[in-house]
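As structure tokens, the structure follows; a few thoughts come after it.
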Amino acid sequence: MAITGVTITPVAFAGPPLLNTVGVHEPFALRAIVQVHTDAGVTGLGETYGDEGHLQRLRLAATALTGADP
């Protein structure tokens, strides 16, 4: 099995001013939905932070993962 691609979808949703390890995210919480696609037709889903710094690192990881065995 090999990873054929990674789709990263940034999302933002209204959120209360909750403090987490990254700080207060009011008025919006930024997240990214990550889909990992394989040549066997299997797709994995995940969710992580979605600020610009994280998105840049996710894009780098997506490029590095393409062709790898999951």
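Here's how to read the names in the structure tokens: chain A, B, ... by the order shown, residue numbers from 1 in each chain, ligand numbers from 1 in the order shown.
Secondary structure of chain A, alpha helix (DSSP H) only (DSSP, backbone atoms): Glu52, Gly53, His54, Leu55, Gln56, Arg57, Leu58, Arg59, Leu60, Ala61, Ala62, Thr63, Ala64 and Leu65 of chain A.
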List the spatial neighbours of Met1 of chain A as an mmCIF file with N, CA, C and O atoms, in the first residue's frame - criterion: any atom at most 12 Å away, only C-alpha atoms, same-chain residues fewer than 3 positions off excluded.
```cif
data_model
loop_
_atom_site.group_PDB
_atom_site.id
_atom_site.type_symbol
_atom_site.label_atom_id
_atom_site.label_comp_id
_atom_site.auth_asym_id
_atom_site.auth_seq_id
_atom_site.Cartn_x
_atom_site.Cartn_y
_atom_site.Cartn_z
ATOM 1 N N THR A 4 -1.024 8.025 -1.848
ATOM 2 C CA THR A 4 -1.086 8.674 -3.153
ATOM 3 C C THR A 4 -1.282 10.177 -3.048
ATOM 4 O O THR A 4 -1.061 10.901 -4.009
ATOM 5 N N HIS A 37 -4.827 9.630 1.437
ATOM 6 C CA HIS A 37 -5.375 8.729 0.420
ATOM 7 C C HIS A 37 -4.318 7.690 0.041
ATOM 8 O O HIS A 37 -3.132 8.005 -0.042
ATOM 9 N N THR A 38 -4.775 6.443 -0.194
ATOM 10 C CA THR A 38 -3.861 5.375 -0.595
ATOM 11 C C THR A 38 -4.272 4.767 -1.927
ATOM 12 O O THR A 38 -5.411 4.935 -2.378
ATOM 13 N N ASP A 39 -3.323 4.053 -2.514
ATOM 14 C CA ASP A 39 -3.602 3.383 -3.782
ATOM 15 C C ASP A 39 -4.522 2.175 -3.613
ATOM 16 O O ASP A 39 -5.006 1.611 -4.586
ATOM 17 N N ALA A 40 -4.799 1.784 -2.374
ATOM 18 C CA ALA A 40 -5.729 0.681 -2.106
ATOM 19 C C ALA A 40 -7.159 1.181 -1.906
ATOM 20 O O ALA A 40 -8.053 0.413 -1.582
ATOM 21 N N GLY A 41 -7.350 2.499 -2.058
ATOM 22 C CA GLY A 41 -8.684 3.064 -1.895
ATOM 23 C C GLY A 41 -9.047 3.388 -0.461
ATOM 24 O O GLY A 41 -10.182 3.773 -0.176
ATOM 25 N N VAL A 42 -8.109 3.226 0.451
ATOM 26 C CA VAL A 42 -8.341 3.529 1.863
ATOM 27 C C VAL A 42 -8.021 4.993 2.098
ATOM 28 O O VAL A 42 -6.997 5.504 1.635
ATOM 29 N N THR A 43 -8.901 5.690 2.820
ATOM 30 C CA THR A 43 -8.671 7.083 3.181
ATOM 31 C C THR A 43 -8.703 7.212 4.688
ATOM 32 O O THR A 43 -9.637 6.746 5.337
ATOM 33 N N THR A 66 3.835 11.443 0.420
ATOM 34 C CA THR A 66 3.349 10.879 -0.832
ATOM 35 C C THR A 66 4.335 9.815 -1.324
ATOM 36 O O THR A 66 5.529 10.056 -1.432
ATOM 37 N N GLY A 67 3.821 8.622 -1.560
ATOM 38 C CA GLY A 67 4.627 7.482 -2.000
ATOM 39 C C GLY A 67 5.045 6.570 -0.866
ATOM 40 O O GLY A 67 5.505 5.449 -1.102
ATOM 41 N N ALA A 68 4.896 7.027 0.377
ATOM 42 C CA ALA A 68 5.313 6.204 1.524
ATOM 43 C C ALA A 68 4.291 5.118 1.817
ATOM 44 O O ALA A 68 3.118 5.224 1.461
ATOM 45 N N ASP A 69 4.736 4.079 2.517
ATOM 46 C CA ASP A 69 3.855 3.010 2.973
ATOM 47 C C ASP A 69 3.264 3.443 4.319
ATOM 48 O O ASP A 69 4.024 3.699 5.259
ATOM 49 N N PRO A 70 1.934 3.551 4.417
ATOM 50 C CA PRO A 70 1.347 3.992 5.685
ATOM 51 C C PRO A 70 1.556 2.988 6.795
ATOM 52 O O PRO A 70 1.509 3.293 7.944
#
```
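Computed from the coordinates, the atom CA of Thr48 of chain A to atom CA of Val34 of chain A distance equals 7.8 Å.
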In Å, with one decimal, what is the gap from atom CA of Glu47 of chain A to atom CA of Ile33 of chain A? 4.7 Å
DSSP-assigned strand (DSSP E) among chain A, expressed as a ChimeraX atom specification: /A:3-14,19-20,23-24,28-38,43-49
Which residues, written as a PDB file with N, CA, C and O atoms, in the first residue's frame, have at least one atom at most 12 Å from Glu52 of chain A, with only C-alpha atoms counted and residues fewer than 6 positions away on the same chain left out?
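Everything below was put into part.pdb:
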```
ATOM      1  N   PRO A  10      -8.489  23.566   5.543  1.00  0.00           N
ATOM      2  CA  PRO A  10      -8.598  24.443   6.707  1.00  0.00           C
ATOM      3  C   PRO A  10     -10.061  24.787   6.985  1.00  0.00           C
ATOM      4  O   PRO A  10     -10.844  24.979   6.050  1.00  0.00           O
ATOM      5  N   VAL A  11     -10.430  24.827   8.245  1.00  0.00           N
ATOM      6  CA  VAL A  11     -11.769  25.225   8.651  1.00  0.00           C
ATOM      7  C   VAL A  11     -11.667  26.190   9.828  1.00  0.00           C
ATOM      8  O   VAL A  11     -10.692  26.167  10.577  1.00  0.00           O
ATOM      9  N   LEU A  30      -9.381  27.726  14.672  1.00  0.00           N
ATOM     10  CA  LEU A  30      -8.846  27.333  13.369  1.00  0.00           C
ATOM     11  C   LEU A  30      -8.373  25.888  13.450  1.00  0.00           C
ATOM     12  O   LEU A  30      -7.579  25.535  14.319  1.00  0.00           O
ATOM     13  N   ARG A  31      -8.865  25.062  12.553  1.00  0.00           N
ATOM     14  CA  ARG A  31      -8.502  23.654  12.514  1.00  0.00           C
ATOM     15  C   ARG A  31      -8.224  23.255  11.068  1.00  0.00           C
ATOM     16  O   ARG A  31      -8.569  23.965  10.131  1.00  0.00           O
ATOM     17  N   ALA A  32      -7.640  22.096  10.898  1.00  0.00           N
ATOM     18  CA  ALA A  32      -7.411  21.541   9.566  1.00  0.00           C
ATOM     19  C   ALA A  32      -7.869  20.083   9.586  1.00  0.00           C
ATOM     20  O   ALA A  32      -7.542  19.333  10.505  1.00  0.00           O
ATOM     21  N   LEU A  58       1.996  21.178   7.653  1.00  0.00           N
ATOM     22  CA  LEU A  58       1.188  20.085   7.111  1.00  0.00           C
ATOM     23  C   LEU A  58       1.446  19.890   5.622  1.00  0.00           C
ATOM     24  O   LEU A  58       1.529  18.757   5.144  1.00  0.00           O
ATOM     25  N   ARG A  59       1.579  20.984   4.895  1.00  0.00           N
ATOM     26  CA  ARG A  59       1.851  20.892   3.449  1.00  0.00           C
ATOM     27  C   ARG A  59       3.203  20.230   3.198  1.00  0.00           C
ATOM     28  O   ARG A  59       3.355  19.422   2.280  1.00  0.00           O
TER      29      ARG A  59
END
```
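For the residues A:Ala62, A:Leu55, A:Ala29, A:Leu45, ranking by smallest atom-to-atom distance to Ile3 of chain A using only C-alpha atoms places A:Ala62 first.
The interatomic distance for the pair atom CA of Gly53 of chain A and atom CA of Ile8 of chain A works out to 13.5 Å.
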I'd like to know which of A:Arg57, A:Pro27, A:Gly44, A:Ala64 is closest to Phe13 of chain A, using only C-alpha atoms. A:Pro27
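The residue that comes closest to Gly5 of chain A, out of A:Gln56, A:Phe28, A:Asp51, A:Val36 and on the basis of only C-alpha atoms, is A:Val36.
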